[in-house]
$ cat start_23.txt   # compact mmCIF, C-alpha atoms
# COMPACT_ATOMS: atom_id res chain seq x y z
CA MET Z 22 18.09 8.70 -18.58
CA LYS Z 23 21.07 11.01 -18.95
CA THR Z 24 23.44 11.54 -16.03
CA ARG Z 25 22.34 15.16 -15.72
CA GLU Z 26 18.65 14.20 -15.59
CA MET Z 27 19.38 11.52 -12.99
CA PHE Z 28 21.33 14.03 -10.87
CA TYR Z 29 18.46 16.53 -11.14
CA LEU Z 30 15.93 13.86 -10.12
CA PHE Z 31 18.09 12.77 -7.18
CA SER Z 32 18.59 16.40 -6.09
CA ARG Z 33 14.86 17.11 -6.05
CA TYR Z 34 14.11 14.18 -3.77
CA LEU Z 35 17.15 14.89 -1.59
CA ILE Z 36 15.83 18.39 -0.92
CA LEU Z 37 12.49 16.92 0.14
CA LEU Z 38 14.25 14.46 2.44
CA ILE Z 39 16.32 17.22 4.05
CA PHE Z 40 13.18 19.27 4.79
CA ALA Z 41 11.46 16.17 6.22
CA LEU Z 42 14.42 15.12 8.38
CA PHE Z 43 14.62 18.49 10.07
CA ASN Z 44 10.95 18.19 11.06
CA LEU Z 45 9.98 21.20 8.94
CA TYR Z 46 12.30 23.34 11.07
CA ILE Z 47 13.52 25.30 8.03
CA ILE Z 48 9.96 26.05 6.92
CA TYR Z 49 8.90 27.28 10.36
CA LEU Z 50 12.13 29.26 10.72
CA VAL Z 51 11.27 31.22 7.58
CA PHE Z 52 7.48 31.40 7.66
CA THR Z 53 6.75 31.99 11.36
CA PRO Z 54 8.24 35.51 11.51
CA LEU Z 55 7.00 36.30 7.99
CA THR Z 56 3.45 35.24 8.86
CA LEU Z 57 3.52 37.11 12.18
CA ILE Z 58 4.67 40.34 10.55
CA LEU Z 59 2.11 40.13 7.74
CA VAL Z 60 -0.76 39.19 10.07
CA SER Z 61 0.15 42.02 12.44
CA GLY Z 62 0.20 44.43 9.49
CA GLY Z 63 -3.11 43.08 8.20
CA LEU Z 64 -4.73 43.45 11.60
CA ASN Z 65 -3.39 47.01 11.88
CA ALA Z 66 -5.59 47.91 8.92
CA PHE Z 67 -8.65 47.34 11.15
CA TYR Z 68 -7.41 47.40 14.75
CA THR Z 69 -4.45 48.45 16.79
CA ALA Z 70 -2.25 45.37 16.75
CA THR Z 71 1.15 44.96 18.38
CA LEU Z 72 3.46 42.05 17.74
CA ILE Z 73 5.04 41.07 21.03
CA LYS Z 74 8.77 40.81 20.38
CA GLY Z 75 10.32 37.38 20.75
CA THR Z 76 6.98 35.56 20.82
CA SER Z 77 4.33 34.30 18.41
CA THR Z 78 1.74 36.54 20.03
CA ILE Z 79 -0.07 39.60 18.75
CA PHE Z 80 -1.86 41.96 21.12
CA VAL Z 81 -4.95 43.25 19.36
CA SER Z 82 -7.85 45.21 20.85
CA GLY Z 83 -7.23 44.02 24.39
CA ASP Z 84 -6.84 40.36 23.43
CA TYR Z 85 -3.80 38.20 22.89
CA ILE Z 86 -3.75 36.15 19.70
CA GLU Z 87 -1.10 33.45 19.66
CA LEU Z 88 -0.15 31.91 16.34
CA ILE Z 89 0.73 28.30 17.03
CA PRO Z 90 2.59 26.14 14.47
CA ALA Z 91 -0.74 24.92 13.06
CA CYS Z 92 -1.59 28.55 12.18
CA ILE Z 93 1.69 28.91 10.30
CA ALA Z 94 0.82 25.69 8.43
CA GLY Z 95 4.33 24.36 7.85
CA ALA Z 96 2.95 21.00 6.71
CA ALA Z 97 0.96 22.77 3.97
CA TYR Z 98 4.10 24.51 2.70
CA TYR Z 99 5.86 21.15 2.76
CA LEU Z 100 3.04 19.48 0.81
CA LEU Z 101 3.25 22.20 -1.84
CA LEU Z 102 7.03 21.71 -1.94
CA VAL Z 103 6.56 17.94 -2.32
CA LEU Z 104 4.08 18.40 -5.16
CA ASN Z 105 6.40 20.84 -6.91
CA LEU Z 106 9.66 18.93 -6.49
CA SER Z 107 8.17 15.52 -7.23
CA THR Z 108 6.82 16.70 -10.58
CA PRO Z 109 9.19 16.70 -13.55
CA MET Z 110 9.39 20.18 -15.13
CA LYS Z 111 11.96 22.62 -16.44
CA ALA Z 112 13.97 24.53 -13.84
CA LYS Z 113 12.55 27.92 -14.82
CA THR Z 114 8.98 26.59 -14.69
CA ARG Z 115 9.72 24.97 -11.31
CA ALA Z 116 11.03 28.25 -9.89
CA TYR Z 117 7.98 30.23 -11.05
CA SER Z 118 5.64 27.46 -9.94
CA LEU Z 119 7.19 27.24 -6.49
CA ALA Z 120 7.16 31.02 -6.09
CA PHE Z 121 3.49 31.11 -7.11
CA LEU Z 122 2.55 28.32 -4.67
CA ILE Z 123 4.44 29.75 -1.71
CA ILE Z 124 3.45 33.39 -2.18
CA SER Z 125 -0.19 32.49 -2.89
CA PHE Z 126 -0.44 30.23 0.14
CA LEU Z 127 1.27 32.77 2.39
CA PHE Z 128 -1.12 35.50 1.22
CA LEU Z 129 -4.22 33.30 1.64
CA ASN Z 130 -3.04 32.02 5.02
CA VAL Z 131 -2.54 35.59 6.29
CA ILE Z 132 -6.03 36.51 5.10
CA ARG Z 133 -7.43 33.42 6.85
CA ILE Z 134 -5.75 34.34 10.14
CA VAL Z 135 -6.87 37.97 9.93
CA VAL Z 136 -10.47 36.94 9.18
CA PHE Z 137 -10.58 34.40 12.02
CA THR Z 138 -9.01 36.91 14.41
CA HIS Z 139 -11.75 39.39 13.45
CA LEU Z 140 -14.43 36.73 14.00
CA SER Z 141 -12.97 35.95 17.40
CA LEU Z 142 -12.77 39.61 18.41
CA ILE Z 143 -16.38 40.35 17.48
CA GLY Z 144 -17.52 37.29 19.41
CA TYR Z 145 -18.87 35.38 16.40
CA LYS Z 146 -21.24 32.77 17.83
CA TYR Z 147 -20.03 29.92 15.57
CA PHE Z 148 -16.33 30.75 15.68
CA ASP Z 149 -15.18 27.34 17.00
CA THR Z 150 -17.29 25.38 14.52
CA THR Z 151 -16.25 27.55 11.59
CA HIS Z 152 -12.61 27.39 12.62
CA GLU Z 153 -12.67 23.59 12.90
CA LEU Z 154 -14.52 23.11 9.61
CA PHE Z 155 -12.05 25.35 7.84
CA TRP Z 156 -9.13 23.60 9.53
CA TYR Z 157 -10.23 20.09 8.53
CA PHE Z 158 -11.84 20.70 5.15
CA GLY Z 159 -11.16 24.23 3.96
CA SER Z 160 -7.39 23.94 4.19
CA THR Z 161 -7.40 20.73 2.13
CA ILE Z 162 -9.64 22.28 -0.50
CA LEU Z 163 -7.47 25.41 -0.54
CA LEU Z 164 -4.29 23.38 -1.16
CA LEU Z 165 -5.96 21.37 -3.92
CA LEU Z 166 -7.23 24.53 -5.60
CA LEU Z 167 -3.80 26.12 -5.36
CA TRP Z 168 -2.12 23.07 -6.89
CA PHE Z 169 -4.64 22.83 -9.74
CA ALA Z 170 -4.36 26.57 -10.41
CA ASN Z 171 -0.60 26.07 -10.53
CA VAL Z 172 -0.99 23.15 -12.97
CA PHE Z 173 -3.23 25.28 -15.18
CA LEU Z 174 -1.10 28.45 -15.07
CA PHE Z 175 2.19 26.71 -15.76
CA ARG Z 176 0.76 24.07 -18.13
CA ILE Z 177 2.13 21.20 -16.08
CA THR Z 178 1.39 17.88 -17.78
CA GLN Z 179 3.38 15.55 -15.52
CA ILE Z 180 2.00 13.77 -12.45
CA PRO Z 181 3.83 14.10 -9.10
CA ILE Z 182 5.97 11.03 -8.26
CA TYR Z 183 4.21 8.85 -10.86
CA SER Z 184 5.92 10.55 -13.81
CA ASP Z 185 9.35 10.14 -12.20
CA VAL Z 186 8.74 6.45 -11.46
CA PHE Z 187 7.34 5.91 -14.95
CA ASN Z 188 10.41 7.54 -16.54
CA ILE Z 189 12.80 5.44 -14.44
CA ILE Z 190 10.99 2.21 -15.32
CA LYS Z 191 10.87 3.20 -18.99
CA ASP Z 192 14.61 3.92 -18.89
CA ILE Z 193 15.40 0.57 -17.23
CA ARG Z 194 13.28 -1.33 -19.77
CA SER Z 195 14.92 0.42 -22.71
CA LYS Z 196 18.39 -0.67 -21.52
CA LYS Z 197 17.43 -4.38 -21.47

$ encode --input "start_23.txt" --output "structure tokens"
Amino acid sequence: MKTREMFYLFSRYLILLIFALFNLYIIYLVFTPLTLILVSGGLNAFYTATLIKGTSTIFVSGDYIELIPACIAGAAYYLLLVLNLSTPMKAKTRAYSLAFLIISFLFLNVIRIVVFTHLSLIGYKYFDTTHELFWYFGSTILLLLLWFANVFLFRITQIPIYSDVFNIIKDIRSKK
């Protein structure tokens, strides 16, 4: 493995470690206000929604909707980042892939929050059950579908982590 390739590999995993060490702080710092603004805008298409300044709360149709960290889904963004950075690919492909994953997930997450807020506001009888089912199963399926769509769109042939380990072992064996 060339020095440049080794540096690139090390850099990718270092970035993942930095995000993990700060307990996803960076992800929540970026995506909490972004999600709040987009959800508030999405709700304004159907209701009168007001984002309460300095909080994670939206006042909509006489109810307060608080977006907790689980709603922002920082761990999902981190998983998509892990999948992207732990897969060998060209820098340009990685940038487009990461942009696709993040923007797609943000968009789908905002839609999810707007839909569940609507269900809550209309008093949907099975809101809690639907919300829990989507939280436990739907979110996992959504992330898998996003990753596989990403693999298809960007013609990714490498396997996260495995391909890096395989290349390192292959390089070590070839030097013996």

$ closest_residue --input "start_23.txt" --among "Z:Leu35, Z:Met27, Z:Ile124, Z:Ile177" --to "Z:Met110" --atoms "only C-alpha atoms"
Z:Ile177

$ axis_aligned_box --input "start_23.txt" --around "stretch 162-173 of chain Z" --padding-each-side "6 Å" --output "AutoDock Vina command-line options"
--center_x -5.1 --center_y 24.0 --center_z -7.8 --size_x 21.0 --size_y 17.2 --size_z 26.7

$ residues_around --input "start_23.txt" --residues "Z:Tyr34" --least-positions-apart "4" --cutoff "12 Å" --atoms "only C-alpha atoms" --output "list of chain:residue names"
Z:Met27, Z:Phe28, Z:Tyr29, Z:Leu30, Z:Leu38, Z:Ile39, Z:Phe40, Z:Ala41, Z:Leu102, Z:Val103, Z:Leu104, Z:Asn105, Z:Leu106, Z:Ser107, Z:Thr108, Z:Pro109, Z:Pro181, Z:Ile182, Z:Asp185

$ closest_atom_pairs --input "start_23.txt" --of "stretch 114-137 of chain Z" --to "stretch 53-70 of chain Z" --cutoff "10 Å" --atoms "all atoms listed in the file" --output "Markdown table"
| residue | atom | partner | partner_atom | distance |
| --- | --- | --- | --- | --- |
| Z:Leu127 | CA | Z:Thr56 | CA | 7.3 |
| Z:Phe128 | CA | Z:Leu59 | CA | 8.6 |
| Z:Asn130 | CA | Z:Thr56 | CA | 8.2 |
| Z:Val131 | CA | Z:Val60 | CA | 5.5 |
| Z:Ile132 | CA | Z:Val60 | CA | 7.7 |
| Z:Arg133 | CA | Z:Val60 | CA | 9.4 |
| Z:Ile134 | CA | Z:Val60 | CA | 7.0 |
| Z:Val135 | CA | Z:Leu64 | CA | 6.1 |
| Z:Val136 | CA | Z:Leu64 | CA | 9.0 |

$ atom_distance --input "start_23.txt" --atom1 "atom CA of Z:Phe31" --atom2 "atom CA of Z:Thr161"
28.3 Å
